[in-house]
>>> print(open('coords.txt').read())   # compact mmCIF, C-alpha atoms
# COMPACT_ATOMS: atom_id res chain seq x y z
CA MET E 1 0.02 -30.33 4.14
CA HIS E 2 -1.77 -28.75 7.08
CA ASP E 3 1.50 -27.63 8.60
CA SER E 4 2.94 -25.88 5.54
CA ALA E 5 0.12 -24.88 3.19
CA LEU E 6 -2.41 -22.06 3.18
CA LYS E 7 -6.08 -23.08 3.28
CA PRO E 8 -8.03 -21.76 0.25
CA SER E 9 -11.09 -20.11 1.76
CA LEU E 10 -11.58 -16.70 0.11
CA GLY E 11 -13.81 -15.59 -2.73
CA MET E 12 -12.96 -12.68 -5.01
CA LEU E 13 -15.10 -10.26 -2.98
CA ASP E 14 -13.27 -11.30 0.20
CA VAL E 15 -9.94 -10.55 -1.48
CA VAL E 16 -11.23 -7.17 -2.70
CA ALA E 17 -12.46 -6.31 0.81
CA ILE E 18 -9.09 -7.15 2.38
CA THR E 19 -7.16 -5.39 -0.38
CA VAL E 20 -9.21 -2.19 -0.28
CA SER E 21 -8.97 -2.26 3.52
CA ALA E 22 -5.18 -2.45 3.23
CA VAL E 23 -5.21 0.61 0.98
CA THR E 24 -7.54 2.20 3.58
CA PRO E 25 -8.88 4.91 1.26
CA ALA E 26 -10.35 6.87 4.16
CA SER E 27 -7.04 7.22 5.98
CA SER E 28 -5.39 8.00 2.64
CA VAL E 29 -7.83 10.88 2.25
CA PHE E 30 -7.44 12.08 5.83
CA VAL E 31 -3.75 11.31 6.52
CA ILE E 32 -1.92 11.24 3.15
CA ALA E 33 -3.94 13.64 0.96
CA PRO E 34 -3.15 16.66 3.22
CA PHE E 35 0.53 16.17 2.29
CA ALA E 36 -0.39 16.45 -1.40
CA ILE E 37 -2.50 19.56 -0.68
CA ALA E 38 0.42 21.07 1.24
CA GLN E 39 2.71 20.33 -1.72
CA ALA E 40 0.54 21.38 -4.65
CA GLY E 41 -2.47 23.20 -3.21
CA SER E 42 -5.59 22.59 -5.29
CA GLY E 43 -3.27 20.93 -7.83
CA ALA E 44 -3.53 17.88 -5.58
CA VAL E 45 -6.67 16.89 -7.51
CA LEU E 46 -4.77 16.74 -10.80
CA ALA E 47 -1.95 14.89 -9.03
CA PHE E 48 -4.46 12.26 -7.87
CA VAL E 49 -5.96 12.01 -11.38
CA LEU E 50 -2.54 11.53 -12.98
CA ALA E 51 -1.61 9.06 -10.26
CA ALA E 52 -4.80 7.11 -10.99
CA VAL E 53 -3.85 6.83 -14.67
CA LEU E 54 -0.37 5.63 -13.69
CA ALA E 55 -1.88 3.28 -11.10
CA LEU E 56 -4.01 1.69 -13.84
CA MET E 57 -0.81 0.88 -15.74
CA PHE E 58 0.57 -0.78 -12.63
CA ALA E 59 -2.73 -2.58 -12.01
CA TRP E 60 -2.58 -4.14 -15.47
CA CYS E 61 1.01 -5.21 -14.71
CA TYR E 62 -0.03 -6.79 -11.41
CA ALA E 63 -3.06 -8.44 -13.01
CA GLU E 64 -1.03 -10.13 -15.76
CA LEU E 65 1.82 -11.15 -13.48
CA GLY E 66 -0.57 -12.34 -10.78
CA ARG E 67 -2.10 -14.86 -13.17
CA ALA E 68 1.12 -15.89 -14.94
CA HIS E 69 3.20 -16.27 -11.76
CA SER E 70 0.54 -16.95 -9.10
CA SER E 71 2.18 -17.03 -5.66
CA ALA E 72 1.75 -15.65 -2.16
CA GLY E 73 5.22 -14.18 -2.61
CA GLY E 74 3.97 -11.60 -5.07
CA GLU E 75 6.55 -9.14 -6.40
CA TYR E 76 9.75 -10.94 -5.44
CA VAL E 77 8.55 -14.13 -7.18
CA TYR E 78 7.91 -12.19 -10.39
CA ALA E 79 11.35 -10.55 -10.25
CA LYS E 80 13.10 -13.88 -9.62
CA ARG E 81 11.32 -15.72 -12.41
CA VAL E 82 11.80 -12.96 -14.98
CA PHE E 83 15.25 -11.54 -14.10
CA GLY E 84 16.91 -14.09 -11.82
CA GLY E 85 17.78 -14.68 -8.19
CA LEU E 86 19.53 -11.43 -7.31
CA ALA E 87 16.62 -9.37 -8.64
CA GLY E 88 14.27 -11.55 -6.61
CA TYR E 89 16.21 -10.95 -3.39
CA ALA E 90 16.50 -7.20 -4.00
CA THR E 91 12.75 -6.96 -4.59
CA PHE E 92 12.00 -9.12 -1.55
CA VAL E 93 14.10 -6.98 0.80
CA THR E 94 12.53 -3.78 -0.56
CA VAL E 95 9.00 -5.15 -0.15
CA LEU E 96 9.84 -6.39 3.35
CA VAL E 97 11.11 -2.99 4.49
CA SER E 98 8.13 -1.17 2.95
CA LEU E 99 5.79 -3.53 4.84
CA LEU E 100 7.77 -2.67 7.96
CA PHE E 101 7.32 1.10 7.52
CA ILE E 102 3.72 1.41 6.34
CA PRO E 103 1.96 0.37 9.62
CA PRO E 104 3.78 2.90 11.85
CA VAL E 105 3.33 5.62 9.20
CA LEU E 106 -0.42 5.10 9.21
CA ALA E 107 -0.64 4.51 12.98
CA THR E 108 1.23 7.71 13.80
CA GLY E 109 -1.17 9.73 11.68
CA ALA E 110 -4.17 8.06 13.37
CA ALA E 111 -3.38 9.24 16.90
CA THR E 112 -4.70 12.74 16.20
CA TYR E 113 -8.06 11.34 15.14
CA LEU E 114 -8.40 9.12 18.21
CA ASN E 115 -7.89 12.13 20.45
CA SER E 116 -10.39 14.13 18.39
CA ALA E 117 -12.97 11.36 18.64
CA LEU E 118 -12.61 10.87 22.39
CA GLY E 119 -11.68 14.42 23.40
CA THR E 120 -8.50 13.08 24.98
CA ALA E 121 -4.82 13.95 24.80
CA PHE E 122 -3.19 10.53 24.49
CA ASP E 123 0.47 10.49 23.54
CA THR E 124 0.87 10.05 19.76
CA GLN E 125 3.61 7.45 20.04
CA ALA E 126 1.75 5.43 22.67
CA VAL E 127 -1.37 5.34 20.50
CA ALA E 128 0.65 4.33 17.43
CA LEU E 129 2.32 1.54 19.40
CA ALA E 130 -1.04 0.23 20.64
CA ILE E 131 -2.49 0.28 17.11
CA VAL E 132 0.45 -1.60 15.62
CA ALA E 133 0.50 -4.18 18.44
CA GLY E 134 -3.26 -4.75 18.23
CA SER E 135 -3.12 -5.13 14.46
CA TYR E 136 -0.47 -7.83 14.64
CA ALA E 137 -2.46 -9.65 17.34
CA LEU E 138 -5.52 -9.73 15.07
CA GLY E 139 -3.48 -10.42 11.94
CA ILE E 140 -2.50 -13.94 13.05
CA LEU E 141 -6.15 -15.08 13.36
CA ASN E 142 -8.13 -17.00 10.75
CA ILE E 143 -8.24 -15.07 7.49
CA ARG E 144 -12.00 -15.64 7.09
CA LEU E 145 -12.53 -13.93 10.44
CA ASN E 146 -10.23 -11.11 9.39
CA ALA E 147 -12.07 -10.75 6.09
CA TRP E 148 -15.27 -10.21 8.10
CA VAL E 149 -13.58 -7.76 10.52
CA THR E 150 -11.99 -5.73 7.72
CA GLY E 151 -15.31 -5.67 5.86
CA VAL E 152 -17.13 -4.20 8.88
CA PHE E 153 -14.40 -1.63 9.49
CA LEU E 154 -14.44 -0.76 5.79
CA LEU E 155 -18.11 0.20 6.09
CA CYS E 156 -17.21 2.48 9.01
CA GLU E 157 -14.56 4.30 7.03
CA MET E 158 -16.90 4.64 4.04
CA ALA E 159 -19.33 6.40 6.36
CA ALA E 160 -16.60 8.87 7.35
CA VAL E 161 -15.76 9.52 3.70
CA LEU E 162 -19.42 10.05 2.81
CA VAL E 163 -19.68 12.74 5.49
CA ILE E 164 -16.91 14.72 3.78
CA VAL E 165 -18.56 14.20 0.39
CA ALA E 166 -21.94 15.36 1.74
CA LEU E 167 -20.49 18.42 3.49
CA GLY E 168 -18.40 19.43 0.50
CA LEU E 169 -20.92 18.87 -2.28
CA GLY E 170 -23.79 20.08 -0.13
CA ASN E 171 -22.04 23.40 0.49
CA VAL E 172 -20.24 24.14 -2.77
CA SER E 173 -18.44 27.45 -2.35
CA GLN E 174 -15.78 27.25 -5.07
CA PRO E 175 -16.11 27.07 -8.87
CA LEU E 176 -15.43 23.77 -10.66
CA SER E 177 -12.38 25.41 -12.24
CA VAL E 178 -10.59 25.09 -8.89
CA LEU E 179 -10.21 21.36 -9.64
CA ILE E 180 -8.32 21.89 -12.90
CA THR E 181 -6.53 25.17 -12.18
CA PRO E 182 -3.72 24.46 -9.70
CA GLN E 183 -3.40 27.14 -7.01
CA HIS E 184 -1.33 27.23 -3.85
CA MET E 185 -0.31 29.58 -1.08
CA ASP E 186 2.92 31.41 -1.88
CA HIS E 187 4.21 33.63 0.93
CA GLY E 188 0.70 34.03 2.31
CA LEU E 189 -0.89 34.83 -1.05
CA LEU E 190 -3.02 32.61 -3.30
CA SER E 191 -1.28 32.17 -6.65
CA ALA E 192 -1.03 29.76 -9.56
CA ALA E 193 0.78 26.57 -8.62
CA PRO E 194 3.62 25.54 -10.96
CA TRP E 195 3.04 22.23 -12.75
CA ALA E 196 6.31 21.06 -11.25
CA LEU E 197 4.55 20.97 -7.87
CA VAL E 198 1.71 18.92 -9.33
CA PHE E 199 4.11 16.39 -10.84
CA ALA E 200 6.09 16.27 -7.60
CA SER E 201 2.88 15.33 -5.75
CA ILE E 202 2.09 12.34 -7.97
CA GLY E 203 4.34 10.13 -5.84
CA THR E 204 2.41 11.07 -2.71
CA ALA E 205 -0.91 10.44 -4.51
CA LEU E 206 0.37 7.08 -5.72
CA PHE E 207 1.22 6.23 -2.11
CA ALA E 208 -2.39 7.06 -1.19
CA TYR E 209 -3.57 4.50 -3.77
CA ASN E 210 -0.89 1.97 -2.89
CA GLY E 211 -1.99 -1.53 -1.99
CA PHE E 212 -4.36 -2.43 -4.83
CA GLY E 213 -1.73 -4.82 -6.22
CA ALA E 214 -1.55 -6.70 -2.93
CA ALA E 215 -4.52 -8.80 -4.06
CA VAL E 216 -1.96 -11.01 -5.82
CA VAL E 217 -0.43 -12.23 -2.54
CA LEU E 218 -3.82 -13.68 -1.55
CA ALA E 219 -4.02 -15.85 -4.69
CA GLU E 220 -3.22 -19.01 -2.73
CA ASP E 221 -6.00 -18.19 -0.24
CA MET E 222 -8.61 -18.09 -3.01
CA LYS E 223 -11.07 -20.94 -3.49
CA ASP E 224 -10.76 -20.70 -7.29
CA GLY E 225 -6.99 -21.18 -7.18
CA GLY E 226 -6.31 -17.54 -8.04
CA ARG E 227 -8.11 -17.58 -11.40
CA SER E 228 -9.91 -14.33 -10.53
CA THR E 229 -6.79 -12.58 -9.20
CA HIS E 230 -6.68 -10.14 -12.10
CA ARG E 231 -10.29 -9.08 -11.51
CA ALA E 232 -9.59 -8.60 -7.80
CA VAL E 233 -6.67 -6.28 -8.62
CA LEU E 234 -8.62 -4.17 -11.11
CA TRP E 235 -11.77 -3.92 -8.97
CA SER E 236 -9.67 -2.96 -5.96
CA LEU E 237 -8.05 -0.09 -7.86
CA ALA E 238 -11.39 1.13 -9.26
CA LEU E 239 -12.93 1.27 -5.79
CA VAL E 240 -9.89 2.92 -4.24
CA VAL E 241 -9.70 5.68 -6.87
CA ALA E 242 -13.42 6.45 -6.57
CA ILE E 243 -13.38 6.44 -2.77
CA GLU E 244 -10.39 8.79 -2.61
CA LEU E 245 -10.83 11.15 -5.56
CA VAL E 246 -14.47 12.10 -4.94
CA PRO E 247 -14.00 13.35 -1.34
CA ILE E 248 -10.83 15.26 -2.27
CA CYS E 249 -12.80 17.10 -4.96
CA ALA E 250 -15.66 17.69 -2.49
CA LEU E 251 -13.16 18.99 0.07
CA LEU E 252 -11.91 21.73 -2.24
CA LEU E 253 -15.30 22.62 -3.69
CA GLY E 254 -16.83 22.98 -0.23
CA ALA E 255 -14.13 25.24 1.19
CA PRO E 256 -15.69 28.58 2.25
CA SER E 257 -12.27 30.14 1.64
CA LEU E 258 -9.75 28.41 -0.59
CA GLU E 259 -6.98 30.53 0.91
CA ALA E 260 -7.88 29.47 4.44
CA MET E 261 -8.11 25.80 3.51
CA LEU E 262 -4.78 25.71 1.68
CA ALA E 263 -3.11 27.56 4.53
CA SER E 264 -4.54 25.17 7.12
CA SER E 265 -2.42 22.31 8.46
CA ASP E 266 -5.67 20.30 8.76
CA PRO E 267 -7.85 20.92 5.68
CA ILE E 268 -10.28 18.15 6.69
CA GLY E 269 -10.75 19.72 10.10
CA TYR E 270 -11.26 23.11 8.43
CA LEU E 271 -14.17 21.75 6.37
CA LEU E 272 -15.72 19.97 9.35
CA ASN E 273 -15.53 23.09 11.49
CA ALA E 274 -16.96 25.23 8.71
CA HIS E 275 -19.97 23.09 7.81
CA GLY E 276 -20.34 20.50 10.56
CA ASN E 277 -20.61 20.45 14.32
CA PRO E 278 -18.46 19.10 17.16
CA MET E 279 -20.37 15.79 17.41
CA LEU E 280 -20.09 15.16 13.67
CA SER E 281 -16.37 15.92 13.81
CA ARG E 282 -15.96 13.34 16.57
CA LEU E 283 -17.85 10.68 14.66
CA VAL E 284 -15.78 11.29 11.52
CA SER E 285 -12.59 11.16 13.57
CA ALA E 286 -13.70 7.82 15.02
CA GLY E 287 -14.33 6.49 11.51
CA ILE E 288 -10.88 7.59 10.38
CA PHE E 289 -9.24 5.95 13.38
CA LEU E 290 -11.03 2.66 12.67
CA SER E 291 -10.02 2.87 9.01
CA VAL E 292 -6.34 3.11 9.93
CA PHE E 293 -6.65 0.21 12.36
CA ASN E 294 -8.38 -1.74 9.59
CA ALA E 295 -5.66 -0.93 7.08
CA ILE E 296 -2.86 -2.13 9.30
CA ILE E 297 -4.66 -5.42 10.02
CA ALA E 298 -4.95 -6.02 6.26
CA ILE E 299 -1.31 -5.08 5.66
CA VAL E 300 -0.20 -7.44 8.44
CA ILE E 301 -2.16 -10.27 6.78
CA GLN E 302 -0.43 -9.59 3.47
CA SER E 303 3.05 -9.32 4.99
CA GLY E 304 2.50 -12.69 6.67
CA ARG E 305 1.77 -14.27 3.28
CA VAL E 306 4.89 -12.76 1.70
CA ILE E 307 7.13 -13.96 4.52
CA PHE E 308 5.44 -17.40 4.51
CA SER E 309 6.24 -17.64 0.82
CA SER E 310 9.85 -16.61 1.42
CA GLY E 311 10.23 -19.44 3.93
CA ARG E 312 8.68 -21.94 1.53
CA ASP E 313 11.08 -20.74 -1.18
CA GLN E 314 13.98 -21.13 1.30
CA LEU E 315 15.26 -17.55 1.26
CA TRP E 316 16.40 -17.86 4.90
CA THR E 317 18.32 -20.28 7.07
CA PRO E 318 16.83 -23.81 7.35
CA THR E 319 15.52 -23.09 10.87
CA LEU E 320 13.84 -19.82 9.87
CA ASN E 321 12.40 -21.42 6.74
CA ARG E 322 10.70 -24.07 8.89
CA LEU E 323 9.36 -21.48 11.33
CA PHE E 324 8.00 -19.16 8.65
CA THR E 325 6.12 -21.98 6.88
CA ARG E 326 4.42 -23.20 10.05
CA ILE E 327 0.63 -22.91 9.86
CA HIS E 328 -1.28 -22.55 13.11
CA PRO E 329 -3.46 -25.66 13.64
CA ARG E 330 -6.47 -23.64 14.83
CA TRP E 331 -6.21 -20.34 12.98
CA ASP E 332 -4.93 -21.72 9.63
CA SER E 333 -2.55 -18.75 9.42
CA PRO E 334 1.24 -18.46 8.99
CA TRP E 335 1.39 -16.97 12.46
CA LEU E 336 5.16 -16.92 13.02
CA ALA E 337 5.74 -15.37 9.60
CA THR E 338 3.08 -12.77 10.38
CA LEU E 339 4.75 -11.83 13.66
CA LEU E 340 8.26 -11.39 12.17
CA LEU E 341 7.87 -7.63 11.65
CA ALA E 342 5.81 -6.96 14.78
CA ILE E 343 8.62 -5.79 17.08
CA PRO E 344 10.59 -3.64 14.58
CA SER E 345 7.35 -2.13 13.23
CA ALA E 346 6.23 -1.31 16.77
CA ALA E 347 9.64 0.25 17.46
CA LEU E 348 9.24 2.55 14.46
CA SER E 349 6.08 3.89 16.11
CA PHE E 350 8.38 5.92 18.36
CA SER E 351 9.58 7.96 15.38
CA SER E 352 8.10 11.43 15.71
CA ASN E 353 8.56 12.60 12.12
CA LEU E 354 5.62 11.31 10.08
CA GLU E 355 6.57 13.31 7.00
CA GLU E 356 10.08 11.81 6.82
CA MET E 357 8.77 8.26 7.25
CA THR E 358 6.18 8.90 4.54
CA SER E 359 8.67 10.26 2.00
CA PHE E 360 11.06 7.33 2.59
CA THR E 361 8.22 4.82 2.25
CA VAL E 362 7.23 6.43 -1.06
CA LEU E 363 10.77 5.78 -2.37
CA LEU E 364 10.53 2.11 -1.40
CA LEU E 365 7.14 1.74 -3.05
CA LEU E 366 8.38 3.34 -6.26
CA MET E 367 11.26 0.85 -6.33
CA VAL E 368 8.78 -2.02 -6.02
CA TYR E 369 6.52 -0.52 -8.71
CA LEU E 370 9.49 -0.16 -11.05
CA ALA E 371 10.39 -3.82 -10.51
CA VAL E 372 6.79 -4.92 -11.21
CA ALA E 373 6.59 -2.78 -14.35
CA LEU E 374 9.86 -4.19 -15.69
CA CYS E 375 8.67 -7.72 -14.97
CA ALA E 376 5.43 -7.09 -16.86
CA LEU E 377 7.36 -5.58 -19.76
CA PHE E 378 9.64 -8.59 -20.16
CA SER E 379 7.68 -11.53 -18.72
CA ARG E 380 6.14 -12.59 -22.04
CA VAL E 381 9.54 -12.42 -23.73
CA LEU E 382 11.87 -13.92 -21.12
CA ARG E 383 9.35 -16.40 -19.70
CA SER E 384 7.46 -17.52 -22.77
CA ASP E 385 7.43 -20.99 -21.21
CA ARG E 386 4.82 -19.81 -18.70
CA GLU E 387 1.21 -19.37 -19.72
CA HIS E 388 -0.20 -15.84 -19.37
CA PRO E 389 -3.96 -16.47 -18.93
CA TYR E 390 -4.68 -12.76 -18.52
CA ARG E 391 -3.01 -10.34 -20.92
CA MET E 392 -3.16 -6.61 -20.36
CA PRO E 393 -4.67 -4.55 -23.20
CA LEU E 394 -2.30 -2.78 -25.61
CA TRP E 395 0.80 -4.55 -24.27
CA PRO E 396 3.61 -3.45 -24.07
CA LEU E 397 2.42 0.18 -23.92
CA PRO E 398 0.93 0.10 -20.36
CA ALA E 399 4.00 -1.68 -18.99
CA LEU E 400 6.30 0.79 -20.76
CA LEU E 401 4.36 3.76 -19.39
CA ALA E 402 4.55 2.19 -15.93
CA VAL E 403 8.33 1.83 -16.24
CA VAL E 404 8.75 5.44 -17.38
CA GLY E 405 6.39 6.78 -14.71
CA ALA E 406 7.94 4.83 -11.86
CA GLY E 407 11.45 5.61 -13.07
CA TYR E 408 10.77 9.34 -13.34
CA LEU E 409 9.12 9.57 -9.92
CA LEU E 410 11.85 7.47 -8.32
CA LEU E 411 14.62 9.59 -9.83
CA SER E 412 12.87 12.79 -8.77
CA GLY E 413 12.39 11.41 -5.27
CA LEU E 414 16.00 10.33 -4.93
CA LEU E 415 17.27 13.73 -6.09
CA ALA E 416 15.15 15.42 -3.41
CA ALA E 417 15.78 12.81 -0.70
CA PRO E 418 18.18 13.38 2.21
CA LEU E 419 21.50 11.56 2.05
CA ARG E 420 20.37 9.31 4.91
CA ASP E 421 17.53 7.81 2.84
CA ILE E 422 19.82 7.15 -0.11
CA LEU E 423 22.37 5.44 2.14
CA ILE E 424 19.65 3.25 3.66
CA ILE E 425 18.54 2.17 0.18
CA LEU E 426 22.15 1.35 -0.76
CA VAL E 427 22.45 -0.70 2.43
CA LEU E 428 19.27 -2.60 1.51
CA LEU E 429 20.71 -3.43 -1.90
CA ALA E 430 23.95 -4.57 -0.26
CA VAL E 431 21.98 -6.79 2.13
CA SER E 432 20.19 -8.27 -0.89
CA VAL E 433 23.49 -9.19 -2.50
CA MET E 434 24.77 -10.70 0.75
CA LEU E 435 21.63 -12.78 1.34
CA TYR E 436 21.56 -14.03 -2.23
CA SER E 437 25.25 -14.92 -2.13
CA THR E 438 24.97 -16.82 1.15
CA TYR E 439 21.51 -18.44 0.86
CA GLY E 440 19.84 -17.86 -2.48
CA LYS E 441 22.51 -19.49 -4.64
CA PHE E 442 22.36 -22.65 -2.55
CA SER E 443 18.59 -22.89 -2.07
CA PRO E 444 17.09 -25.65 -4.27
CA ALA E 445 13.57 -24.30 -3.79
CA PHE E 446 14.57 -20.74 -4.70
CA GLN E 447 16.52 -21.84 -7.75
CA LYS E 448 13.57 -23.92 -9.02
CA LEU E 449 11.11 -21.10 -8.35
>>> encode(input="coords.txt", output="structure tokens")
Amino acid sequence: MHDSALKPSLGMLDVVAITVSAVTPASSVFVIAPFAIAQAGSGAVLAFVLAAVLALMFAWCYAELGRAHSSAGGEYVYAKRVFGGLAGYATFVTVLVSLLFIPPVLATGAATYLNSALGTAFDTQAVALAIVAGSYALGILNIRLNAWVTGVFLLCEMAAVLVIVALGLGNVSQPLSVLITPQHMDHGLLSAAPWALVFASIGTALFAYNGFGAAVVLAEDMKDGGRSTHRAVLWSLALVVAIELVPICALLLGAPSLEAMLASSDPIGYLLNAHGNPMLSRLVSAGIFLSVFNAIIAIVIQSGRVIFSSGRDQLWTPTLNRLFTRIHPRWDSPWLATLLLAIPSAALSFSSNLEEMTSFTVLLLLMVYLAVALCALFSRVLRSDREHPYRMPLWPLPALLAVVGAGYLLLSGLLAAPLRDILIILVLLAVSVMLYSTYGKFSPAFQKL
């Protein structure tokens, strides 16, 4: 058992700490939120509010599925059990690629803050590479140690967020109406932002919240056997929304000039320069950098669990299945599974276009959310043989809203996406069919899953 089973050692609070760290609300505020502000201006607040409502629908889906189909495999296990093997493989490949892209996306955005904290001019790609490599090195260690590390780093990023909240709310310069009246810069002039821009930003806001559902992949690491998985998911989302939405509101309310902030490529830096001082800016930048490092460690831990589960379920060749289910005798971690994505993820650090990587990652995440929502909508019907200890309120309405929301955002994203992104997604689906046809159909463990 020691060589092929995870060691239950986490309480619910440990899982919440790791999950919230993976979401890294501070880096979402500092790295992802500026994209939403650039898209929708002050309408970014409403985009984050609407995304939070949609995220709650997804959280209920994850919570119910996490209890009914408890597994370190998470989303692909749900898809396989509810819709069959091909759906399971397609979901697995999509999740795998999203886990590949998220670390370099976050790491690339963190380089600016490291240079701001230290007053240096390190190369962005070199910094991103170092962050990704260091995160994978820490990710293979004992999960209890990593829970402690991520908890400490989480406190550091909360301090950075609180600085923004204090500066914004302590120097309110804009009326409260700015939060509910979308405005943006149009050809250098401040004007009303079309609601289409707000809706278009919901996908970006959802990406900022993304990760709350990852608590389900730590179910097998929990001392209670995963019985509190649903609470871990819902508490993680509640904390993430509060930690992100409050500072974004404070950011806009504290802007001395709304026009100047919306025109700035660095709205956070604008607020710090307006109300803070150079030393405070450096300390906040250091907190942001640590938050990104923290997030990638947590994501690496989760990706290791998903790949471990895929080896146990025999989604690969016999040799790879044995390697991915090997547990380190000292660290009690699926270390080879954890390291699978290290090299390709590090290689993506050399991509210089953060915005393109972000938009493509959003498409992948929306595909995963759509799969989860569909599973939650049909799990009780198609898998009535499985007990559902936690049942979302008002089912099937939340699951249906999640399907509609994810479907709308995915369709909108695909229509606006470059042809290259669409072709990559088609290739991923083709790879799913190929893998299922060559391995999945003949895997006893996968078929019995």
>>> residues_around(input="coords.txt", residues="E:Met261", least_positions_apart="5", cutoff="7 Å", atoms="only C-alpha atoms", output="MDAnalysis selection string")
chainID E and resid 255 267 270
>>> atom_distance(input="coords.txt", atom1="atom CA of E:Thr150", atom2="atom CA of E:Gly211")
14.6 Å
>>> residues_near_point(input="coords.txt", point="(4.9, 3.4, -17.3)", cutoff="12 Å", atoms="all atoms listed in the file", output="ChimeraX atom specification")
/E:50-51,53-61,366,369-377,395-409
>>> closest_residue(input="coords.txt", among="E:Leu13, E:Ala337, E:Leu348, E:Leu65", to="E:Ala128", atoms="all atoms listed in the file")
E:Leu348
>>> residues_around(input="coords.txt", residues="E:Lys448", least_positions_apart="5", cutoff="10 Å", atoms="all atoms listed in the file", output="PDB file with C-alpha atoms, keeping the file's coordinate frame")
ATOM      1  CA  ARG E  81      11.320 -15.720 -12.410  1.00  0.00           C
ATOM      2  CA  ASP E 313      11.080 -20.740  -1.180  1.00  0.00           C
ATOM      3  CA  SER E 443      18.590 -22.890  -2.070  1.00  0.00           C
TER       4      SER E 443
END
>>> decode(input="coords.txt", residues="stretch 43-91 of chain E", atoms="C-alpha atoms", output="mmCIF file, in the first residue's frame")
data_model
loop_
_atom_site.group_PDB
_atom_site.id
_atom_site.type_symbol
_atom_site.label_atom_id
_atom_site.label_comp_id
_atom_site.auth_asym_id
_atom_site.auth_seq_id
_atom_site.Cartn_x
_atom_site.Cartn_y
_atom_site.Cartn_z
ATOM 1 C CA GLY E 43 -17.380 47.458 -15.114
ATOM 2 C CA ALA E 44 -14.791 44.932 -13.926
ATOM 3 C CA VAL E 45 -16.462 45.059 -10.486
ATOM 4 C CA LEU E 46 -19.795 43.914 -11.905
ATOM 5 C CA ALA E 47 -17.968 41.291 -13.973
ATOM 6 C CA PHE E 48 -16.412 39.923 -10.766
ATOM 7 C CA VAL E 49 -19.791 39.969 -8.991
ATOM 8 C CA LEU E 50 -21.492 38.084 -11.831
ATOM 9 C CA ALA E 51 -18.558 35.687 -12.008
ATOM 10 C CA ALA E 52 -18.919 35.043 -8.264
ATOM 11 C CA VAL E 53 -22.585 34.109 -8.728
ATOM 12 C CA LEU E 54 -21.641 31.767 -11.571
ATOM 13 C CA ALA E 55 -18.745 30.395 -9.520
ATOM 14 C CA LEU E 56 -21.195 29.510 -6.731
ATOM 15 C CA MET E 57 -23.142 27.391 -9.220
ATOM 16 C CA PHE E 58 -19.930 25.596 -10.142
ATOM 17 C CA ALA E 59 -18.965 25.244 -6.465
ATOM 18 C CA TRP E 60 -22.233 23.460 -5.730
ATOM 19 C CA CYS E 61 -21.530 21.175 -8.708
ATOM 20 C CA TYR E 62 -18.030 20.392 -7.438
ATOM 21 C CA ALA E 63 -19.299 19.887 -3.891
ATOM 22 C CA GLU E 64 -21.932 17.334 -4.899
ATOM 23 C CA LEU E 65 -19.692 15.494 -7.341
ATOM 24 C CA GLY E 66 -16.771 15.541 -4.916
ATOM 25 C CA ARG E 67 -18.796 13.593 -2.364
ATOM 26 C CA ALA E 68 -20.587 11.279 -4.803
ATOM 27 C CA HIS E 69 -17.482 10.407 -6.846
ATOM 28 C CA SER E 70 -14.647 11.013 -4.358
ATOM 29 C CA SER E 71 -11.296 10.605 -6.137
ATOM 30 C CA ALA E 72 -7.951 12.336 -6.552
ATOM 31 C CA GLY E 73 -8.722 12.332 -10.272
ATOM 32 C CA GLY E 74 -11.394 14.978 -9.873
ATOM 33 C CA GLU E 75 -13.103 16.149 -13.057
ATOM 34 C CA TYR E 76 -12.100 13.346 -15.427
ATOM 35 C CA VAL E 77 -13.418 10.726 -12.977
ATOM 36 C CA TYR E 78 -16.794 12.484 -12.845
ATOM 37 C CA ALA E 79 -16.996 12.696 -16.646
ATOM 38 C CA LYS E 80 -16.086 9.020 -17.069
ATOM 39 C CA ARG E 81 -18.564 7.771 -14.497
ATOM 40 C CA VAL E 82 -21.438 9.909 -15.754
ATOM 41 C CA PHE E 83 -20.887 9.977 -19.544
ATOM 42 C CA GLY E 84 -18.420 7.184 -20.324
ATOM 43 C CA GLY E 85 -14.787 6.619 -21.208
ATOM 44 C CA LEU E 86 -14.351 9.020 -24.116
ATOM 45 C CA ALA E 87 -15.770 11.912 -22.091
ATOM 46 C CA GLY E 88 -13.398 10.972 -19.277
ATOM 47 C CA TYR E 89 -10.361 11.060 -21.558
ATOM 48 C CA ALA E 90 -11.393 14.350 -23.179
ATOM 49 C CA THR E 91 -11.832 15.948 -19.753
#
